[in-house]
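The next block is run_10.txt, given as compact mmCIF, C-alpha atoms.
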# COMPACT_ATOMS: atom_id res chain seq x y z
CA ALA Q 1 190.83 68.31 193.27
CA ASP Q 2 191.50 71.70 194.74
CA THR Q 3 194.87 72.81 193.38
CA PRO Q 4 195.34 75.32 190.56
CA ALA Q 5 197.48 72.84 188.61
CA TYR Q 6 194.60 71.62 186.42
CA SER Q 7 191.68 72.74 184.29
CA TYR Q 8 188.32 72.83 186.06
CA VAL Q 9 184.73 72.70 184.82
CA ALA Q 10 181.56 73.98 186.42
CA VAL Q 11 178.48 71.94 185.55
CA ASP Q 12 174.71 72.20 185.88
CA ALA Q 13 172.35 69.50 187.23
CA GLN Q 14 172.48 67.61 183.91
CA GLN Q 15 176.31 67.62 183.91
CA ARG Q 16 176.41 70.18 181.08
CA VAL Q 17 179.59 72.21 181.30
CA THR Q 18 178.74 75.84 182.02
CA ALA Q 19 182.31 77.13 182.41
CA ILE Q 20 185.88 75.94 182.10
CA ARG Q 21 189.02 77.59 183.46
CA GLU Q 22 192.67 76.68 183.09
CA LYS Q 23 194.57 76.54 186.38
CA GLU Q 24 191.74 78.23 188.30
CA VAL Q 25 189.65 76.24 190.78
CA ILE Q 26 185.99 77.02 189.94
CA SER Q 27 184.54 73.71 191.17
CA PRO Q 28 185.70 70.37 192.60
CA HIS Q 29 185.75 68.96 189.04
CA ALA Q 30 189.26 68.91 187.59
CA THR Q 31 189.43 67.63 184.02
CA THR Q 32 191.26 64.38 183.44
CA GLY Q 33 192.69 64.72 179.98
CA CYS Q 34 190.24 62.24 178.46
CA TYR Q 35 188.21 64.16 175.87
CA ALA Q 36 185.87 63.18 173.07
CA PHE Q 37 184.46 65.30 170.26
CA ALA Q 38 181.47 64.38 168.11
CA ASP Q 39 182.80 66.46 165.21
CA ARG Q 40 186.51 66.19 164.43
CA GLU Q 41 186.44 69.07 161.97
CA ARG Q 42 184.81 71.42 164.47
CA TYR Q 43 187.49 70.52 167.00
CA ARG Q 44 190.25 71.17 164.49
CA ALA Q 45 188.77 74.53 163.49
CA GLU Q 46 188.37 75.68 167.12
CA ALA Q 47 191.85 74.44 168.07
CA ALA Q 48 193.40 76.31 165.13
CA ARG Q 49 191.78 79.56 166.35
CA CYS Q 50 193.06 79.19 169.91
CA GLY Q 51 196.43 80.59 170.85
CA ARG Q 52 199.29 79.11 172.78
CA SER Q 53 200.64 79.70 176.24
CA GLY Q 54 204.38 79.39 175.74
CA ASN Q 55 204.91 75.99 174.14
CA GLU Q 56 201.55 74.67 175.33
CA ARG Q 57 198.10 74.76 173.82
CA TYR Q 58 195.33 74.27 176.36
CA ILE Q 59 192.25 72.21 175.61
CA SER Q 60 190.34 74.51 177.97
CA ASP Q 61 190.69 77.31 175.40
CA VAL Q 62 189.02 75.09 172.78
CA TYR Q 63 186.20 74.21 175.17
CA ALA Q 64 185.75 77.85 176.20
CA ALA Q 65 185.40 78.89 172.54
CA MET Q 66 182.92 76.09 171.91
CA LEU Q 67 180.90 77.03 175.02
CA ALA Q 68 180.82 80.66 173.88
CA ALA Q 69 179.43 79.45 170.53
CA GLY Q 70 176.65 77.54 172.33
CA ALA Q 71 178.05 74.01 172.19
CA ASP Q 72 176.50 71.34 174.42
CA ILE Q 73 179.47 69.95 176.35
CA ARG Q 74 178.96 67.26 178.99
CA ALA Q 75 181.20 66.16 181.82
CA GLY Q 76 181.45 62.51 182.75
CA LEU Q 77 181.77 63.01 186.48
CA PRO Q 78 182.98 60.14 188.67
CA GLN Q 79 180.27 58.17 190.41
CA PRO Q 80 180.28 58.19 194.24
CA GLN Q 81 181.35 54.54 194.41
CA HIS Q 82 184.50 55.22 192.36
CA GLN Q 83 187.63 56.80 193.71
CA THR Q 84 189.58 59.10 191.43
CA LEU Q 85 193.31 59.29 192.05
CA ILE Q 86 194.94 62.47 190.81
CA PHE Q 87 198.55 62.45 189.75
CA GLY Q 88 198.83 65.06 187.04
CA THR Q 89 202.34 66.23 187.78
CA PRO Q 90 205.51 64.14 188.20
CA ALA Q 91 205.67 65.07 191.89
CA GLU Q 92 202.06 63.94 192.43
CA TYR Q 93 202.75 60.65 190.65
CA GLU Q 94 205.83 60.03 192.78
CA ALA Q 95 203.90 60.84 195.96
CA LEU Q 96 201.11 58.46 194.98
CA THR Q 97 203.27 55.54 193.85
CA GLY Q 98 206.52 56.04 195.73
CA ALA Q 99 208.33 56.01 192.37
CA ARG Q 100 211.42 58.08 191.79

Output the file's structure in the form of structure tokens.
Amino acid sequence: ADTPAYSYVAVDAQQRVTAIREKEVISPHATTGCYAFADRERYRAEAARCGRSGNERYISDVYAAMLAAGADIRAGLPQPQHQTLIFGTPAEYEALTGAR
């Protein structure tokens, strides 16, 4: 992806996340909204510390706080043989599927 509508991660050679930004293209790796945490309580604690942007709370803020604390976060990047279709907004979904 290359539009500032998503969160993006920068990764190293081992797919460790080195940075995450909300609505700022810092790499070709937009996040998909599929997240997993090894420690539910750590996630809850970090999420409680993060603020809101209007009525939204961004997962990128939680990841950024965890990265700053030294967490090992990995990105499951798509493999070359798989195509990833992006339709994160209603307009993108309609363009992809022809739905209205």

Neighbours of Lys23 in chain Q within 10 Å (only C-alpha atoms; same-chain residues fewer than 3 positions away dropped), as a ChimeraX atom specification? /Q:3-8,20,26,30,60

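Between Ala48 in chain Q and the candidates Q:Ala69, Q:Gly76, Q:Asp61, Q:Ser27, the tightest atom-to-atom separation, counting only C-alpha atoms, involves Q:Asp61.
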
Point-to-point distance in Å for CA of Ala36 in chain Q and CA of Asp2 in chain Q: 24.0 Å

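Atom pair CA of Tyr43 in chain Q / CA of Tyr58 in chain Q: separated by 12.8 Å.
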
Please give the centre and size of the box around range 90-98 of chain Q (axis-aligned, containing every atom listed in the file, 8 Å added per side), with values in Å to one decimal and written as lines of an AutoDock Vina configuration file.
center_x = 203.8
center_y = 60.3
center_z = 192.1
size_x = 21.4
size_y = 25.5
size_z = 23.8
